[in-house]
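Below is one structure, written out as structure tokens; the observations come after it.
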Amino acid sequence: MNARARLWGVVAIVLAVIWAFPVYWIGNSAFQPVEALRSPNPSFLPDFSASGFGRVFDDSFVDSLKLSLTVTLLAIVAAVLCGFVAAVAISRFRFRGRRSFIFTVLAIQMIPPEALFISQYKMLNDWGLLNSVVGLGLLYSALILPFTVWMLRGFVDGIPIDLEEAAMTDGCSRTRAFFTITFPLLAPGLVASSVYGFLQAWNEYTLAVVVMDPSNRTLPLWLKGLTDVSNEAVDWPAVMAGATLVATPVIILFMIVQNRMTSGMVGGAVKG
Amino acid sequence: MKLTKIAAATAASALALTALAACGGSSDGDKAEGGSDTVTLWLAGKEDTPKKVEDWLVKEFAAQHKGKNLKVQHIDWGELIPRLNTALQSDKTPDVVEVGNTQAATFTSVGAFTDLTDKLDQLGDNIGPKSFVEAGTYDGKVSAVPYYWGSRYIFYSKKAFKDAGIEVPTTLAGFNDAATKLKAEGGDKYSGFWLPGQDWRNGISWIFANGGDIAKQEDGTWVATLSSPESIKGLTELQGLYEKATTAPKDGKDAEPWTAYNNGEAAMFMAPSWARWSVDKKKAADLGGFALPGTEGGAAPVFAGGSNLGISAKSKNQDLSFDLLKLIYSDEFQQQLAKNGLGPANDKYTGLMGDDEFAKAAVAAASNSKLTPASPEWASVESASIMEEFFGKIASGEDVTKAAKATDDKLNAALNK
Amino acid sequence: MSSTRLRRKAGPYALLVPAILVLVVGMAYPLGRQLMLSFHEFGRAQQFGQPAPWVGLDNYRELVTDRTMWTVIARSLAFCFVNASITMVLGTLVAVLMKRVATAPRLILQISMLLAWAMPVIAAMTAWQWLFDTRYGLVNWSLRKVGFASFDGHNWLIDPLSFFFVASVIIIWMSVPFVAFTAYAALTQVSEETLEASHLDGATAIQRFRHIVYPTIKPVLTIVALLQIVWDLRVFAQINFLQNVGGTPSETHLLGTYIYSLGIGQNDYGSASAMAMFVLVLTLVLTVRYVWSLLKEEPR
């Protein structure tokens, strides 16, 4: 038994190495002199004296960072707020049209986003919202809302209604009971779904190309721009450094809330 | 004469400005009725237009137009078409845009650019190259004017040539032999001529040199001619090179051809003139350049690179935008382009590109350069990567005639949509 | 009961309003416009102001009679099937593994999976592009080192099958963590006492899995499988990125990139819209069983 457990431990470590390797490779490549990435023999260890970070950390990065943060936060706040109340509705109430709404939430995820952005562009143009944080934020919040509803609904389901009902028998109104008892318990769920939304909006690429001005680049576009040079050599260590910079905030956020995220999803599904 | 024109332009825009101020009333924001104080110029690529030259343009424009300024935005080549497709018809259109010469027809054919036919003579008498003016013309109307041109020629290592005991070739057959010989001497990992499989912009020269073409227009329809006997001859030569002269990846494109050269893995590569500055400083002394020779000597027709400029038809700053074009066509700007190795639209200044072997190669190559079919649908061919796929197949050793016929069918369908 | 009382109330509807509003503005309205577009001829000329003629079902007819579309659909289905199944199986196995090993290896495995999951697509693709690079790629280098000399300068993207192999490796790498984490979280909900009891009753490991573990995690696996199918069917960024690096786009299009190439590439927005509608219907048909089984669990 013990030997077998150890064997499984080894398998786990091997898998861990395989999965982490490409990520390690980005970091490693960021710390290489430019020539090293084009040498016939790869170097497996970072060379901290030569990093691409200095070359990418400039004003355009800071501008993109600001833009990405603003758009992403706007999208998350809108999606989580709307998603939260909708989740409460489908979890705590029984009403006509409830199943249709749930069906819609599921079905919306099946719309191929590449198909929508021409009309999304025209729509924003009609409303004068092109190249605006509000316009892009609106589209992003619609993009992440369905999954947010689904996830938050799992969290709300996970909190026994008995707690609320107990408070209500003590004389609280339903709304009051919800906000004093259930809401605090939901905080982890709100954080988790925000992080999920963050990941989606932070990484989105196609819409950002079409809707925003070329001088307003979100981080993925900024990163893509680093490789799109026509008359000079691509500075790959710098690109990898850029990739590291873009990925780091997401990874940190994920590390913090990962457990809660998945348990929220499961909570909803297991309770049924 | 030019100075008076500039003065006149300044006066005219000053007048326009007063007129605006007069009728604008309360418009103290940057959006007055007839336009804004800022003219936006979209340039393709990060620094395809050198920074110095761009700075001069911005400063000079502001100096000539009181209270107005020029904002330059850089668009990556890869994003250019999708962005133009949407931006040119929106309310936030840029005023003046650069497009690749082969992409111009896509926009001129739908009236996305302002018709400049009547104003052309205000830009100068020597607008060229002619093929670029044609690329910007649709239905007899010129709406995109040449910006700059570049031509592709061969860069080579003098040492490699000396070691192998070969001279700079003077015919295409001589070139093919030289490339093969260099590879044979250099070994398995060495390219006599760096030629990535999907690099059709360079590979097409072999079709052109043998008298072939991509497509020709017959009674208003495009007929693809990749499987014409001339084209097939060129393609067969090319396939020989892929097989015997190069180690470049079969799915490689035309990005960074100098990398292999810098690494000492190739004796020759073909690229537009500005590639010279990307060659390792340590190897600069060893670098030479010549125009790809034709079948009968002289320079082979190569694919002309370069750009056109158009004014967005939706721009609210039509006059200011045209002023900007005039400034770009001014002697001073044209001279700066030439000095930086970019072919100027005004051929008076071609001489300023220098008289070393590189400049000579560039001018010689340009003398005989060709463009892609001037069909408005050509951009679709490019975005569908039809040519990349075709050359990749030739590089992978597929039957030339079969691949050419199949691609002709695709082109006929795409170009005559 | 309170629920019957609430049924008559407008309360729940009011709570849905904000979400519905956002979805209508951001998705439904553009989708409606797109649907209209699919009945029109809408190319570049129309985009620049020409009137768009109504063509009825012509766009659809053209697609249906074009063999390309059926090839793309078949290819996408195969790709989706292979990737979704491998991802589900691998993900579940990893989850079971996480449950079995000691804390230290589990944490290491979880952290490394997390890294892969959180990696922005563009950043990850940049790394993978380098790993599979023809000349300087680590994959070719390693294969050569272990004795496969023919991988010197081997091209991974030019042959469509090999292209999809690379794409699958990347997509599975990116998707397994999500499945693994979710399945792991579900596994932690399986009651230990019941397992213990059945073990004492002499049930084999397989029997225990089938009768106790599987029923508990089934709802989770259903929704995860549903999402996986949807995501793998409309995969876009990874394929598009690889097509730009090398490869043969016309032989490697999947539904997402095909729509994109029709619309943005060839400016044929009418056909692109029609194709998009097709994909939407196709996805619904493919997933209707899952969606139905999920909805069935819902109280009315």
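Residue names in the structure tokens use chain letters A, B, ... in the order shown, residue numbers from 1 in each chain, and ligand numbers from 1 in the order shown.
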Phe155 of chain B: which residues within 10 Å, counting only C-alpha atoms, same-chain residues fewer than 5 positions away excluded, as a PyMOL selection string? chain B and resi 193+258+261+267-273+275-276+279+287-292+358+361
Can I get the residues of chain A within 9 Å of chain B, each with the closest pair of atoms and their distance in Å to one decimal, using only C-alpha atoms, sorted chain first then ascending number, as a Markdown table?
```
| residue | atom | partner | partner_atom | distance |
| --- | --- | --- | --- | --- |
| A:Glu35 | CA | B:Asn263 | CA | 8.9 |
| A:Arg38 | CA | B:Asn263 | CA | 8.2 |
| A:Ser39 | CA | B:Asn263 | CA | 8.1 |
| A:Ile118 | CA | B:Thr86 | CA | 8.4 |
| A:Tyr121 | CA | B:Thr86 | CA | 7.9 |
| A:Lys122 | CA | B:Ser90 | CA | 8.3 |
| A:Asn125 | CA | B:Ser90 | CA | 6.4 |
| A:Asp126 | CA | B:Asp91 | CA | 8.8 |
| A:Gly128 | CA | B:Asp91 | CA | 7.9 |
| A:Leu130 | CA | B:Lys92 | CA | 7.6 |
| A:Asn131 | CA | B:Lys92 | CA | 8.4 |
| A:Val209 | CA | B:Arg83 | CA | 7.4 |
| A:Val210 | CA | B:Arg83 | CA | 6.2 |
| A:Val211 | CA | B:Thr86 | CA | 8.9 |
| A:Asp213 | CA | B:Arg83 | CA | 8.7 |
| A:Pro214 | CA | B:Ile75 | CA | 6.1 |
| A:Ser215 | CA | B:Gln73 | CA | 6.3 |
| A:Gly225 | CA | B:Asp76 | CA | 6.9 |
| A:Asp228 | CA | B:Asp76 | CA | 6.3 |
| A:Val229 | CA | B:Lys46 | CA | 6.4 |
| A:Ser230 | CA | B:Gly45 | CA | 6.4 |
| A:Asn231 | CA | B:Ala275 | CA | 6.5 |
| A:Glu232 | CA | B:Ser278 | CA | 5.9 |
| A:Ala233 | CA | B:Glu256 | CA | 5.9 |
| A:Val234 | CA | B:Glu256 | CA | 8.0 |
```
Please report, as a Markdown table, each residue of chain C lying at most 7 Å from chain B, together with the nearest pair of atoms and the separation in Å rounded to one decimal; use only C-alpha atoms, and order rows by chain and ascending residue number.
```
| residue | atom | partner | partner_atom | distance |
| --- | --- | --- | --- | --- |
| C:Ala45 | CA | B:Val110 | CA | 5.2 |
| C:Phe48 | CA | B:Gln89 | CA | 5.9 |
| C:Thr134 | CA | B:Pro249 | CA | 6.5 |
| C:Asn155 | CA | B:Pro249 | CA | 6.9 |
| C:Ile158 | CA | B:Asp251 | CA | 6.0 |
| C:Gly246 | CA | B:Asp251 | CA | 5.2 |
| C:Gly247 | CA | B:Asp251 | CA | 6.2 |
| C:Thr248 | CA | B:Glu389 | CA | 5.6 |
| C:Pro249 | CA | B:Ser385 | CA | 6.9 |
| C:Ser261 | CA | B:Ala384 | CA | 6.8 |
| C:Ile264 | CA | B:Pro82 | CA | 6.2 |
| C:Gly265 | CA | B:Ser383 | CA | 5.2 |
| C:Gln266 | CA | B:Ser380 | CA | 4.7 |
```
Taking only C-alpha atoms into account and nothing else, which residues of chain A lie no more than 7 Å away from chain C? Please answer as an NGL selection string. :A and (5 or 8-9 or 12-13 or 15-16 or 19-20 or 22-23 or 25-26 or 38-40 or 42 or 82-83 or 85-86 or 89 or 93-95 or 99 or 110-112 or 114-116 or 119-120 or 138-139 or 142 or 203 or 220 or 243 or 247 or 250-251 or 254 or 262-263 or 266 or 269-270 or 272)
Save out the residues we just selected, C-alpha atoms, as a PDB file, in the first residue's frame.
```pdb
ATOM      1  CA  ALA A   5       1.040   5.464  -2.687  1.00  0.00           C
ATOM      2  CA  TRP A   8       1.225   7.498  -7.398  1.00  0.00           C
ATOM      3  CA  GLY A   9       3.146  10.331  -5.822  1.00  0.00           C
ATOM      4  CA  ALA A  12       1.729  13.117  -9.774  1.00  0.00           C
ATOM      5  CA  ILE A  13       5.107  14.817  -9.771  1.00  0.00           C
ATOM      6  CA  LEU A  15       2.451  15.173 -14.446  1.00  0.00           C
ATOM      7  CA  ALA A  16       3.176  18.352 -12.516  1.00  0.00           C
ATOM      8  CA  TRP A  19       2.116  20.755 -17.049  1.00  0.00           C
ATOM      9  CA  ALA A  20       4.379  23.371 -15.572  1.00  0.00           C
ATOM     10  CA  PRO A  22       5.682  25.416 -20.878  1.00  0.00           C
ATOM     11  CA  VAL A  23       5.102  28.016 -18.182  1.00  0.00           C
ATOM     12  CA  TRP A  25       9.827  27.859 -20.503  1.00  0.00           C
ATOM     13  CA  ILE A  26       8.260  31.296 -20.841  1.00  0.00           C
ATOM     14  CA  ARG A  38      18.076  31.156 -31.727  1.00  0.00           C
ATOM     15  CA  SER A  39      20.921  28.875 -30.923  1.00  0.00           C
ATOM     16  CA  PRO A  40      20.781  25.235 -32.003  1.00  0.00           C
ATOM     17  CA  PRO A  42      18.580  25.295 -25.853  1.00  0.00           C
ATOM     18  CA  CYS A  82     -26.254  41.410 -12.609  1.00  0.00           C
ATOM     19  CA  GLY A  83     -25.223  37.794 -12.307  1.00  0.00           C
ATOM     20  CA  VAL A  85     -29.216  39.059  -8.517  1.00  0.00           C
ATOM     21  CA  ALA A  86     -30.122  36.711 -11.340  1.00  0.00           C
ATOM     22  CA  ALA A  89     -33.697  34.744  -8.466  1.00  0.00           C
ATOM     23  CA  PHE A  93     -37.513  31.610  -6.262  1.00  0.00           C
ATOM     24  CA  ARG A  94     -39.713  29.346  -8.287  1.00  0.00           C
ATOM     25  CA  PHE A  95     -41.463  31.149 -11.104  1.00  0.00           C
ATOM     26  CA  ARG A  99     -36.234  27.012 -16.743  1.00  0.00           C
ATOM     27  CA  MET A 110     -22.871  28.250 -27.642  1.00  0.00           C
ATOM     28  CA  ILE A 111     -22.905  31.368 -29.774  1.00  0.00           C
ATOM     29  CA  PRO A 112     -19.564  31.535 -31.576  1.00  0.00           C
ATOM     30  CA  GLU A 114     -16.316  35.320 -33.913  1.00  0.00           C
ATOM     31  CA  ALA A 115     -19.717  35.522 -35.521  1.00  0.00           C
ATOM     32  CA  LEU A 116     -20.966  38.405 -33.463  1.00  0.00           C
ATOM     33  CA  SER A 119     -22.730  43.475 -35.588  1.00  0.00           C
ATOM     34  CA  GLN A 120     -21.349  44.309 -32.173  1.00  0.00           C
ATOM     35  CA  LEU A 138     -20.324  46.195 -21.943  1.00  0.00           C
ATOM     36  CA  LEU A 139     -19.478  43.524 -24.489  1.00  0.00           C
ATOM     37  CA  ALA A 142     -22.227  40.138 -21.673  1.00  0.00           C
ATOM     38  CA  ASN A 203      -7.393  37.431 -22.090  1.00  0.00           C
ATOM     39  CA  PRO A 220      -3.115  40.737 -25.078  1.00  0.00           C
ATOM     40  CA  ALA A 243       4.019  37.174 -21.599  1.00  0.00           C
ATOM     41  CA  ALA A 247       0.231  36.246 -16.931  1.00  0.00           C
ATOM     42  CA  VAL A 250      -3.898  36.213 -13.333  1.00  0.00           C
ATOM     43  CA  ILE A 251      -1.814  33.474 -11.807  1.00  0.00           C
ATOM     44  CA  PHE A 254      -6.009  32.227  -9.332  1.00  0.00           C
ATOM     45  CA  THR A 262     -14.336  24.916  -8.284  1.00  0.00           C
ATOM     46  CA  SER A 263     -16.328  24.199  -5.148  1.00  0.00           C
ATOM     47  CA  VAL A 266     -19.620  21.708  -7.899  1.00  0.00           C
ATOM     48  CA  ALA A 269     -24.234  20.817  -9.860  1.00  0.00           C
ATOM     49  CA  VAL A 270     -24.160  18.353  -7.002  1.00  0.00           C
ATOM     50  CA  GLY A 272     -28.941  19.773  -8.619  1.00  0.00           C
TER      51      GLY A 272
END
```
Using only C-alpha atoms, pick whichever of C:Arg144, C:Leu77, C:Glu41, C:Phe151 has the shortest atom-to-atom distance to Glu62 of chain C. C:Glu41
Å distance separating atom CA of Phe161 of chain B from atom CA of Trp206 of chain B, one decimal place: 21.7 Å
According to DSSP computed on the backbone, where in segment 57-283 of chain B is there alpha helix (DSSP H)? Give the residues as an MDAnalysis selection string. chainID B and resid 57:64 77:87 104:108 130:135 158:164 172:186 200:209 229:244 258:262
Which residues are near Val80 of chain A? Cut-off 8 Å, only C-alpha atoms, ignore same chain within fewer than 5 positions. Put them as a list in words. Leu145, Thr148, Val149, Leu190, Ser193 and Ser194 of chain A
Shell around segment 63-67 of chain A at 6 Å using only C-alpha atoms, local window under 3 positions removed, as a list in words: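 After dropping sequence-adjacent residues, the list is Ser60, Thr70, Arg217, Thr218 and Leu219 of chain A.
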Keeping only N, CA and C atoms, take the residues you just selected and write them out as an mmCIF file, in the first residue's frame.
```cif
data_model
loop_
_atom_site.group_PDB
_atom_site.id
_atom_site.type_symbol
_atom_site.label_atom_id
_atom_site.label_comp_id
_atom_site.auth_asym_id
_atom_site.auth_seq_id
_atom_site.Cartn_x
_atom_site.Cartn_y
_atom_site.Cartn_z
ATOM 1 N N SER A 60 4.127 52.152 -22.952
ATOM 2 C CA SER A 60 3.032 51.493 -23.657
ATOM 3 C C SER A 60 2.516 50.320 -22.829
ATOM 4 N N THR A 70 -8.996 48.738 -16.284
ATOM 5 C CA THR A 70 -10.263 49.469 -16.265
ATOM 6 C C THR A 70 -11.360 48.661 -16.925
ATOM 7 N N ARG A 217 -4.441 49.811 -26.681
ATOM 8 C CA ARG A 217 -4.290 48.367 -26.783
ATOM 9 C C ARG A 217 -4.440 47.732 -25.408
ATOM 10 N N THR A 218 -5.287 46.722 -25.344
ATOM 11 C CA THR A 218 -5.344 45.959 -24.106
ATOM 12 C C THR A 218 -4.094 45.075 -24.050
ATOM 13 N N LEU A 219 -3.848 44.469 -22.901
ATOM 14 C CA LEU A 219 -2.587 43.732 -22.746
ATOM 15 C C LEU A 219 -2.363 42.614 -23.766
#
```
Distance atom CA of Ala208 of chain A-atom CA of Gly43 of chain C, one decimal place?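 Between atom CA of Ala208 of chain A and atom CA of Gly43 of chain C the gap is 22.3 Å.
Put simply, atom CA of Gly187 of chain B is 24.3 Å away from atom CA of Glu398 of chain B.
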Please provide as an NGL selection string all residues within 8 Å of Ala241 of chain A, with the sequence filter that same-chain residues fewer than 3 positions apart are discarded (counting only C-alpha atoms). :A and (26-27 or 29-31 or 51-53 or 56 or 237-238 or 244-245)
How about saving the chosen residues, N, CA and C atoms kept, as a CSV table (one decimal), in the first residue's frame?
```csv
chain,number,residue,atom,x,y,z
A,26,ILE,N,8.5,29.9,-20.6
A,26,ILE,CA,8.3,31.3,-20.8
A,26,ILE,C,9.2,32.1,-19.9
A,27,GLY,N,9.1,31.8,-18.7
A,27,GLY,CA,10.0,32.5,-17.7
A,27,GLY,C,11.5,32.3,-18.0
A,29,SER,N,12.8,31.7,-20.9
A,29,SER,CA,13.2,32.4,-22.1
A,29,SER,C,13.3,33.9,-21.9
A,30,ALA,N,12.5,34.4,-21.0
A,30,ALA,CA,12.5,35.8,-20.7
A,30,ALA,C,13.9,36.2,-20.1
A,31,PHE,N,14.5,35.3,-19.5
A,31,PHE,CA,15.9,35.5,-18.9
A,31,PHE,C,17.0,34.9,-19.8
A,51,SER,N,17.9,40.0,-19.1
A,51,SER,CA,16.5,39.7,-19.1
A,51,SER,C,15.8,40.6,-20.1
A,52,GLY,N,14.7,40.2,-20.6
A,52,GLY,CA,14.0,41.0,-21.6
A,52,GLY,C,13.1,42.0,-20.9
A,53,PHE,N,13.0,41.9,-19.6
A,53,PHE,CA,12.0,42.8,-18.9
A,53,PHE,C,12.2,44.3,-19.1
A,56,VAL,N,10.7,45.6,-22.3
A,56,VAL,CA,9.3,45.7,-22.5
A,56,VAL,C,8.5,46.6,-21.5
A,237,PRO,N,13.2,37.2,-26.2
A,237,PRO,CA,13.2,37.3,-24.7
A,237,PRO,C,12.3,38.4,-24.2
A,238,ALA,N,12.2,39.5,-24.9
A,238,ALA,CA,11.3,40.6,-24.5
A,238,ALA,C,9.9,40.1,-24.6
A,244,THR,N,5.2,37.0,-19.5
A,244,THR,CA,5.2,36.8,-18.0
A,244,THR,C,4.5,37.9,-17.3
A,245,LEU,N,4.7,39.1,-17.8
A,245,LEU,CA,4.0,40.3,-17.1
A,245,LEU,C,2.5,40.2,-17.3
```
For Phe61 of chain B, which residue among B:Val142, B:Leu41, B:Ala403, B:Thr236 is the nearest when counting only C-alpha atoms? B:Leu41
